[in-house]
file entry02.pdb (PDB, N, CA and C atoms)
ATOM      1  N   MET A   6     119.439 128.588 102.890  1.00  0.00           N
ATOM      2  CA  MET A   6     119.929 129.769 102.201  1.00  0.00           C
ATOM      3  C   MET A   6     119.301 129.808 100.816  1.00  0.00           C
ATOM      4  N   ARG A   7     118.369 130.729 100.652  1.00  0.00           N
ATOM      5  CA  ARG A   7     117.647 130.840  99.394  1.00  0.00           C
ATOM      6  C   ARG A   7     117.950 132.172  98.735  1.00  0.00           C
ATOM      7  N   THR A   8     117.762 132.199  97.448  1.00  0.00           N
ATOM      8  CA  THR A   8     117.982 133.431  96.694  1.00  0.00           C
ATOM      9  C   THR A   8     116.755 134.326  96.826  1.00  0.00           C
ATOM     10  N   ASP A   9     116.984 135.581  97.166  1.00  0.00           N
ATOM     11  CA  ASP A   9     115.911 136.573  97.210  1.00  0.00           C
ATOM     12  C   ASP A   9     115.659 137.044  95.782  1.00  0.00           C
ATOM     13  N   LYS A  10     114.602 136.508  95.175  1.00  0.00           N
ATOM     14  CA  LYS A  10     114.352 136.754  93.757  1.00  0.00           C
ATOM     15  C   LYS A  10     114.045 138.219  93.461  1.00  0.00           C
ATOM     16  N   GLU A  11     113.330 138.885  94.363  1.00  0.00           N
ATOM     17  CA  GLU A  11     113.015 140.299  94.135  1.00  0.00           C
ATOM     18  C   GLU A  11     114.287 141.149  94.128  1.00  0.00           C
ATOM     19  N   LEU A  12     115.186 140.854  95.050  1.00  0.00           N
ATOM     20  CA  LEU A  12     116.449 141.585  95.115  1.00  0.00           C
ATOM     21  C   LEU A  12     117.333 141.254  93.915  1.00  0.00           C
ATOM     22  N   LEU A  13     117.278 140.019  93.452  1.00  0.00           N
ATOM     23  CA  LEU A  13     118.039 139.624  92.263  1.00  0.00           C
ATOM     24  C   LEU A  13     117.538 140.363  91.020  1.00  0.00           C
ATOM     25  N   ILE A  14     116.228 140.484  90.875  1.00  0.00           N
ATOM     26  CA  ILE A  14     115.657 141.215  89.742  1.00  0.00           C
ATOM     27  C   ILE A  14     116.081 142.680  89.803  1.00  0.00           C
ATOM     28  N   LYS A  15     116.062 143.252  91.005  1.00  0.00           N
ATOM     29  CA  LYS A  15     116.499 144.641  91.176  1.00  0.00           C
ATOM     30  C   LYS A  15     117.961 144.791  90.761  1.00  0.00           C
ATOM     31  N   GLY A  16     118.811 143.835  91.147  1.00  0.00           N
ATOM     32  CA  GLY A  16     120.222 143.869  90.770  1.00  0.00           C
ATOM     33  C   GLY A  16     120.424 143.757  89.271  1.00  0.00           C
ATOM     34  N   LEU A  17     119.633 142.929  88.625  1.00  0.00           N
ATOM     35  CA  LEU A  17     119.746 142.777  87.173  1.00  0.00           C
ATOM     36  C   LEU A  17     119.293 144.043  86.448  1.00  0.00           C
ATOM     37  N   LYS A  18     118.293 144.731  87.000  1.00  0.00           N
ATOM     38  CA  LYS A  18     117.877 146.003  86.408  1.00  0.00           C
ATOM     39  C   LYS A  18     119.002 147.032  86.525  1.00  0.00           C
ATOM     40  N   TYR A  19     119.657 147.059  87.678  1.00  0.00           N
ATOM     41  CA  TYR A  19     120.771 147.983  87.855  1.00  0.00           C
ATOM     42  C   TYR A  19     121.929 147.627  86.925  1.00  0.00           C
ATOM     43  N   ILE A  20     122.141 146.343  86.658  1.00  0.00           N
ATOM     44  CA  ILE A  20     123.173 145.927  85.701  1.00  0.00           C
ATOM     45  C   ILE A  20     122.839 146.469  84.311  1.00  0.00           C
ATOM     46  N   ALA A  21     121.549 146.452  83.943  1.00  0.00           N
ATOM     47  CA  ALA A  21     121.144 146.982  82.636  1.00  0.00           C
ATOM     48  C   ALA A  21     121.432 148.476  82.556  1.00  0.00           C
ATOM     49  N   TYR A  22     121.141 149.210  83.627  1.00  0.00           N
ATOM     50  CA  TYR A  22     121.457 150.640  83.648  1.00  0.00           C
ATOM     51  C   TYR A  22     122.964 150.857  83.571  1.00  0.00           C
ATOM     52  N   THR A  23     123.711 150.002  84.229  1.00  0.00           N
ATOM     53  CA  THR A  23     125.170 150.116  84.214  1.00  0.00           C
ATOM     54  C   THR A  23     125.718 149.902  82.815  1.00  0.00           C
ATOM     55  N   VAL A  24     125.200 148.910  82.117  1.00  0.00           N
ATOM     56  CA  VAL A  24     125.657 148.638  80.752  1.00  0.00           C
ATOM     57  C   VAL A  24     125.339 149.823  79.842  1.00  0.00           C
ATOM     58  N   ALA A  25     124.164 150.421  80.033  1.00  0.00           N
ATOM     59  CA  ALA A  25     123.815 151.594  79.232  1.00  0.00           C
ATOM     60  C   ALA A  25     124.784 152.741  79.511  1.00  0.00           C
ATOM     61  N   LEU A  26     125.134 152.943  80.769  1.00  0.00           N
ATOM     62  CA  LEU A  26     126.096 153.990  81.116  1.00  0.00           C
ATOM     63  C   LEU A  26     127.490 153.663  80.591  1.00  0.00           C
ATOM     64  N   MET A  27     127.849 152.378  80.591  1.00  0.00           N
ATOM     65  CA  MET A  27     129.173 151.980  80.120  1.00  0.00           C
ATOM     66  C   MET A  27     129.329 152.229  78.622  1.00  0.00           C
ATOM     67  N   PHE A  28     128.244 152.185  77.876  1.00  0.00           N
ATOM     68  CA  PHE A  28     128.320 152.511  76.460  1.00  0.00           C
ATOM     69  C   PHE A  28     128.108 153.994  76.213  1.00  0.00           C
ATOM     70  N   GLY A  29     127.286 154.637  77.031  1.00  0.00           N
ATOM     71  CA  GLY A  29     126.973 156.043  76.828  1.00  0.00           C
ATOM     72  C   GLY A  29     128.116 156.978  77.176  1.00  0.00           C
ATOM     73  N   ALA A  30     128.812 156.696  78.268  1.00  0.00           N
ATOM     74  CA  ALA A  30     129.889 157.590  78.719  1.00  0.00           C
ATOM     75  C   ALA A  30     131.012 157.710  77.687  1.00  0.00           C
ATOM     76  N   PRO A  31     131.538 156.620  77.122  1.00  0.00           N
ATOM     77  CA  PRO A  31     132.594 156.782  76.117  1.00  0.00           C
ATOM     78  C   PRO A  31     132.128 157.502  74.852  1.00  0.00           C
ATOM     79  N   VAL A  32     130.856 157.325  74.485  1.00  0.00           N
ATOM     80  CA  VAL A  32     130.337 158.016  73.308  1.00  0.00           C
ATOM     81  C   VAL A  32     130.323 159.518  73.560  1.00  0.00           C
ATOM     82  N   VAL A  33     129.862 159.930  74.739  1.00  0.00           N
ATOM     83  CA  VAL A  33     129.813 161.355  75.067  1.00  0.00           C
ATOM     84  C   VAL A  33     131.231 161.924  75.151  1.00  0.00           C
ATOM     85  N   LEU A  34     132.143 161.185  75.770  1.00  0.00           N
ATOM     86  CA  LEU A  34     133.529 161.651  75.860  1.00  0.00           C
ATOM     87  C   LEU A  34     134.170 161.758  74.472  1.00  0.00           C
ATOM     88  N   TYR A  35     133.893 160.798  73.599  1.00  0.00           N
ATOM     89  CA  TYR A  35     134.440 160.842  72.250  1.00  0.00           C
ATOM     90  C   TYR A  35     133.920 162.064  71.503  1.00  0.00           C
ATOM     91  N   GLN A  36     132.633 162.336  71.642  1.00  0.00           N
ATOM     92  CA  GLN A  36     132.062 163.501  70.971  1.00  0.00           C
ATOM     93  C   GLN A  36     132.657 164.796  71.512  1.00  0.00           C
ATOM     94  N   ALA A  37     132.929 164.837  72.803  1.00  0.00           N
ATOM     95  CA  ALA A  37     133.527 166.040  73.387  1.00  0.00           C
ATOM     96  C   ALA A  37     134.930 166.257  72.836  1.00  0.00           C
ATOM     97  N   PHE A  38     135.751 165.221  72.802  1.00  0.00           N
ATOM     98  CA  PHE A  38     137.127 165.373  72.324  1.00  0.00           C
ATOM     99  C   PHE A  38     137.191 165.583  70.803  1.00  0.00           C
ATOM    100  N   LYS A  39     136.175 165.123  70.103  1.00  0.00           N
ATOM    101  CA  LYS A  39     136.155 165.320  68.657  1.00  0.00           C
ATOM    102  C   LYS A  39     135.851 166.778  68.299  1.00  0.00           C
ATOM    103  N   ASN A  40     135.124 167.475  69.166  1.00  0.00           N
ATOM    104  CA  ASN A  40     134.712 168.849  68.903  1.00  0.00           C
ATOM    105  C   ASN A  40     135.325 169.806  69.919  1.00  0.00           C
ATOM    106  N   GLU A  41     136.637 169.832  70.012  1.00  0.00           N
ATOM    107  CA  GLU A  41     137.300 170.660  71.021  1.00  0.00           C
ATOM    108  C   GLU A  41     137.113 172.154  70.781  1.00  0.00           C
ATOM    109  N   GLY A  42     136.875 172.581  69.577  1.00  0.00           N
ATOM    110  CA  GLY A  42     136.710 173.993  69.294  1.00  0.00           C
ATOM    111  C   GLY A  42     135.292 174.503  69.519  1.00  0.00           C
ATOM    112  N   HIS A  43     134.374 173.624  69.792  1.00  0.00           N
ATOM    113  CA  HIS A  43     132.969 173.998  69.965  1.00  0.00           C
ATOM    114  C   HIS A  43     132.770 174.667  71.322  1.00  0.00           C
ATOM    115  N   PRO A  44     131.827 175.615  71.428  1.00  0.00           N
ATOM    116  CA  PRO A  44     131.601 176.291  72.713  1.00  0.00           C
ATOM    117  C   PRO A  44     131.086 175.368  73.817  1.00  0.00           C
ATOM    118  N   PHE A  45     130.435 174.274  73.455  1.00  0.00           N
ATOM    119  CA  PHE A  45     129.917 173.340  74.455  1.00  0.00           C
ATOM    120  C   PHE A  45     130.908 172.222  74.785  1.00  0.00           C
ATOM    121  N   PHE A  46     132.165 172.387  74.431  1.00  0.00           N
ATOM    122  CA  PHE A  46     133.168 171.353  74.686  1.00  0.00           C
ATOM    123  C   PHE A  46     133.260 171.025  76.170  1.00  0.00           C
ATOM    124  N   LEU A  47     133.411 172.031  77.002  1.00  0.00           N
ATOM    125  CA  LEU A  47     133.611 171.804  78.433  1.00  0.00           C
ATOM    126  C   LEU A  47     132.384 171.198  79.105  1.00  0.00           C
ATOM    127  N   PRO A  48     131.158 171.699  78.857  1.00  0.00           N
ATOM    128  CA  PRO A  48     129.999 171.049  79.492  1.00  0.00           C
ATOM    129  C   PRO A  48     129.815 169.594  79.062  1.00  0.00           C
ATOM    130  N   VAL A  49     130.049 169.303  77.788  1.00  0.00           N
ATOM    131  CA  VAL A  49     129.897 167.926  77.312  1.00  0.00           C
ATOM    132  C   VAL A  49     130.974 167.035  77.915  1.00  0.00           C
ATOM    133  N   LEU A  50     132.175 167.572  78.063  1.00  0.00           N
ATOM    134  CA  LEU A  50     133.255 166.811  78.688  1.00  0.00           C
ATOM    135  C   LEU A  50     132.933 166.496  80.147  1.00  0.00           C
ATOM    136  N   VAL A  51     132.402 167.463  80.862  1.00  0.00           N
ATOM    137  CA  VAL A  51     132.025 167.243  82.264  1.00  0.00           C
ATOM    138  C   VAL A  51     130.913 166.200  82.361  1.00  0.00           C
ATOM    139  N   VAL A  52     129.924 166.281  81.478  1.00  0.00           N
ATOM    140  CA  VAL A  52     128.843 165.293  81.471  1.00  0.00           C
ATOM    141  C   VAL A  52     129.404 163.900  81.190  1.00  0.00           C
ATOM    142  N   GLY A  53     130.342 163.787  80.280  1.00  0.00           N
ATOM    143  CA  GLY A  53     130.958 162.502  79.974  1.00  0.00           C
ATOM    144  C   GLY A  53     131.695 161.916  81.160  1.00  0.00           C
ATOM    145  N   PHE A  54     132.437 162.765  81.879  1.00  0.00           N
ATOM    146  CA  PHE A  54     133.147 162.274  83.066  1.00  0.00           C
ATOM    147  C   PHE A  54     132.181 161.870  84.178  1.00  0.00           C
ATOM    148  N   VAL A  55     131.106 162.623  84.340  1.00  0.00           N
ATOM    149  CA  VAL A  55     130.110 162.265  85.355  1.00  0.00           C
ATOM    150  C   VAL A  55     129.452 160.932  85.003  1.00  0.00           C
ATOM    151  N   LEU A  56     129.134 160.724  83.730  1.00  0.00           N
ATOM    152  CA  LEU A  56     128.549 159.455  83.306  1.00  0.00           C
ATOM    153  C   LEU A  56     129.519 158.295  83.530  1.00  0.00           C
ATOM    154  N   ALA A  57     130.807 158.533  83.290  1.00  0.00           N
ATOM    155  CA  ALA A  57     131.800 157.478  83.502  1.00  0.00           C
ATOM    156  C   ALA A  57     131.907 157.121  84.985  1.00  0.00           C
ATOM    157  N   ILE A  58     131.895 158.126  85.837  1.00  0.00           N
ATOM    158  CA  ILE A  58     131.965 157.869  87.274  1.00  0.00           C
ATOM    159  C   ILE A  58     130.701 157.151  87.750  1.00  0.00           C
ATOM    160  N   LEU A  59     129.546 157.555  87.224  1.00  0.00           N
ATOM    161  CA  LEU A  59     128.300 156.866  87.562  1.00  0.00           C
ATOM    162  C   LEU A  59     128.309 155.410  87.103  1.00  0.00           C
ATOM    163  N   ALA A  60     128.889 155.146  85.950  1.00  0.00           N
ATOM    164  CA  ALA A  60     128.965 153.767  85.450  1.00  0.00           C
ATOM    165  C   ALA A  60     129.793 152.900  86.389  1.00  0.00           C
ATOM    166  N   ILE A  61     130.904 153.431  86.869  1.00  0.00           N
ATOM    167  CA  ILE A  61     131.748 152.665  87.794  1.00  0.00           C
ATOM    168  C   ILE A  61     131.016 152.441  89.110  1.00  0.00           C
ATOM    169  N   GLY A  62     130.418 153.499  89.648  1.00  0.00           N
ATOM    170  CA  GLY A  62     129.701 153.375  90.918  1.00  0.00           C
ATOM    171  C   GLY A  62     128.515 152.438  90.834  1.00  0.00           C
ATOM    172  N   MET A  63     127.732 152.556  89.760  1.00  0.00           N
ATOM    173  CA  MET A  63     126.575 151.671  89.613  1.00  0.00           C
ATOM    174  C   MET A  63     126.997 150.228  89.366  1.00  0.00           C
ATOM    175  N   GLY A  64     128.156 150.037  88.756  1.00  0.00           N
ATOM    176  CA  GLY A  64     128.653 148.674  88.581  1.00  0.00           C
ATOM    177  C   GLY A  64     128.916 148.009  89.917  1.00  0.00           C
ATOM    178  N   PHE A  65     129.601 148.719  90.804  1.00  0.00           N
ATOM    179  CA  PHE A  65     129.856 148.167  92.140  1.00  0.00           C
ATOM    180  C   PHE A  65     128.553 147.958  92.912  1.00  0.00           C
ATOM    181  N   TYR A  66     127.647 148.933  92.826  1.00  0.00           N
ATOM    182  CA  TYR A  66     126.395 148.840  93.565  1.00  0.00           C
ATOM    183  C   TYR A  66     125.532 147.679  93.070  1.00  0.00           C
ATOM    184  N   SER A  67     125.463 147.488  91.752  1.00  0.00           N
ATOM    185  CA  SER A  67     124.635 146.411  91.218  1.00  0.00           C
ATOM    186  C   SER A  67     125.220 145.041  91.560  1.00  0.00           C
ATOM    187  N   ILE A  68     126.549 144.910  91.547  1.00  0.00           N
ATOM    188  CA  ILE A  68     127.167 143.646  91.956  1.00  0.00           C
ATOM    189  C   ILE A  68     126.888 143.381  93.432  1.00  0.00           C
ATOM    190  N   LYS A  69     126.922 144.437  94.266  1.00  0.00           N
ATOM    191  CA  LYS A  69     126.632 144.289  95.691  1.00  0.00           C
ATOM    192  C   LYS A  69     125.199 143.807  95.900  1.00  0.00           C
ATOM    193  N   ILE A  70     124.251 144.369  95.156  1.00  0.00           N
ATOM    194  CA  ILE A  70     122.855 143.953  95.286  1.00  0.00           C
ATOM    195  C   ILE A  70     122.691 142.483  94.895  1.00  0.00           C
ATOM    196  N   ILE A  71     123.334 142.075  93.814  1.00  0.00           N
ATOM    197  CA  ILE A  71     123.224 140.679  93.374  1.00  0.00           C
ATOM    198  C   ILE A  71     123.863 139.747  94.395  1.00  0.00           C
ATOM    199  N   MET A  72     125.009 140.121  94.947  1.00  0.00           N
ATOM    200  CA  MET A  72     125.651 139.290  95.967  1.00  0.00           C
ATOM    201  C   MET A  72     124.799 139.205  97.230  1.00  0.00           C
ATOM    202  N   ASP A  73     124.161 140.313  97.602  1.00  0.00           N
ATOM    203  CA  ASP A  73     123.268 140.281  98.764  1.00  0.00           C
ATOM    204  C   ASP A  73     122.079 139.370  98.524  1.00  0.00           C
ATOM    205  N   SER A  74     121.565 139.353  97.305  1.00  0.00           N
ATOM    206  CA  SER A  74     120.423 138.489  97.018  1.00  0.00           C
ATOM    207  C   SER A  74     120.819 137.016  97.052  1.00  0.00           C
ATOM    208  N   LEU A  75     122.053 136.716  96.709  1.00  0.00           N
ATOM    209  CA  LEU A  75     122.493 135.320  96.683  1.00  0.00           C
ATOM    210  C   LEU A  75     122.993 134.819  98.028  1.00  0.00           C
ATOM    211  N   PHE A  76     123.704 135.656  98.789  1.00  0.00           N
ATOM    212  CA  PHE A  76     124.396 135.186  99.986  1.00  0.00           C
ATOM    213  C   PHE A  76     123.964 135.852 101.280  1.00  0.00           C
ATOM    214  N   GLN A  77     122.852 136.574 101.283  1.00  0.00           N
ATOM    215  CA  GLN A  77     122.426 137.262 102.485  1.00  0.00           C
ATOM    216  C   GLN A  77     121.900 136.258 103.522  1.00  0.00           C
ATOM    217  N   LYS A  78     122.155 136.594 104.811  1.00  0.00           N
ATOM    218  CA  LYS A  78     121.674 135.710 105.878  1.00  0.00           C
ATOM    219  C   LYS A  78     120.155 135.781 105.962  1.00  0.00           C
ATOM    220  N   GLU A  79     119.575 134.704 106.432  1.00  0.00           N
ATOM    221  CA  GLU A  79     118.125 134.643 106.552  1.00  0.00           C
ATOM    222  C   GLU A  79     117.637 135.553 107.660  1.00  0.00           C
ATOM    223  N   LYS A  80     116.518 136.226 107.420  1.00  0.00           N
ATOM    224  CA  LYS A  80     115.927 137.096 108.436  1.00  0.00           C
ATOM    225  C   LYS A  80     115.091 136.261 109.389  1.00  0.00           C
ATOM    226  N   LYS A  81     115.153 136.622 110.661  1.00  0.00           N
ATOM    227  CA  LYS A  81     114.377 135.849 111.650  1.00  0.00           C
ATOM    228  C   LYS A  81     113.055 136.503 111.934  1.00  0.00           C
TER     229      LYS A  81
END

call {"tool": "encode", "arguments": {"input": "entry02.pdb", "output": "structure tokens"}}
result
Amino acid sequence: MRTDKELLIKGLKYIAYTVALMFGAPVVLYQAFKNEGHPFFLPVLVVGFVLAILAIGMGFYSIKIIMDSLFQKEKK
């Protein structure tokens, strides 16, 4: 049982994207709630929620990729 290094690198790249989304989504949401009277309030709020959902989804996906690289069965 060996670690698939290429798949592990791919998982770590996805973790980096996830971390960027985890910091970006709250910033966008904060800016939306800070400017509730602005005409772009609703579009910015929707973008913030989409980024937050993407951060959660990519977090699960990147952990799955890393686990597959570590514990996947050998191909015959």

call {"tool": "resolve_selection", "arguments": {"input": "entry02.pdb", "expression": "the PyMOL selection byres ((chain A and resi 23) around 8)", "output": "list in words"}}
result
Leu17, Lys18, Tyr19, Ile20, Ala21, Tyr22, Val24, Ala25, Leu26, Met27, Phe28, Gly29, Leu59, Ala60, Ile61, Gly62, Met63, Gly64 and Ser67 of chain A

call {"tool": "residues_around", "arguments": {"input": "entry02.pdb", "residues": "A:Leu47", "least_positions_apart": "5", "cutoff": "10 Å", "atoms": "only C-alpha atoms", "output": "number ranges by chain"}}
result
A: 37-38, 41-42, 52-53

call {"tool": "closest_residue", "arguments": {"input": "entry02.pdb", "among": "A:Tyr66, A:Tyr35, A:Phe76, A:Phe54", "to": "A:Thr8", "atoms": "all atoms listed in the file"}}
result
A:Phe76

call {"tool": "atom_distance", "arguments": {"input": "entry02.pdb", "atom1": "atom CA of A:Pro31", "atom2": "atom CA of A:Pro44"}}
result
19.8 Å

call {"tool": "select_by_dssp", "arguments": {"input": "entry02.pdb", "residues": "chain A", "states": "alpha helix (DSSP H)", "output": "PyMOL selection string"}}
result
chain A and resi 10-39+46-76

call {"tool": "axis_aligned_box", "arguments": {"input": "entry02.pdb", "around": "stretch 6-12 of chain A", "padding_each_side": "8 Å", "output": "lines of an AutoDock Vina configuration file"}}
result
center_x = 116.5
center_y = 135.1
center_z = 98.2
size_x = 22.9
size_y = 29.0
size_z = 25.4

call {"tool": "resolve_selection", "arguments": {"input": "entry02.pdb", "expression": "the PyMOL selection byres ((chain A and resi 74) around 6)", "output": "JSON, numbers by chain"}}
result
{"A": [7, 8, 9, 12, 13, 69, 70, 71, 72, 73, 75, 76, 77]}

call {"tool": "atom_distance", "arguments": {"input": "entry02.pdb", "atom1": "atom CA of A:Gln36", "atom2": "atom N of A:Val49"}}
result
9.2 Å

call {"tool": "atom_distance", "arguments": {"input": "entry02.pdb", "atom1": "atom CA of A:Lys39", "atom2": "atom C of A:Val51"}}
result
14.7 Å

call {"tool": "closest_residue", "arguments": {"input": "entry02.pdb", "among": "A:Ile68, A:Leu50, A:Phe45, A:Leu34", "to": "A:Gly16", "atoms": "all atoms listed in the file"}}
result
A:Ile68
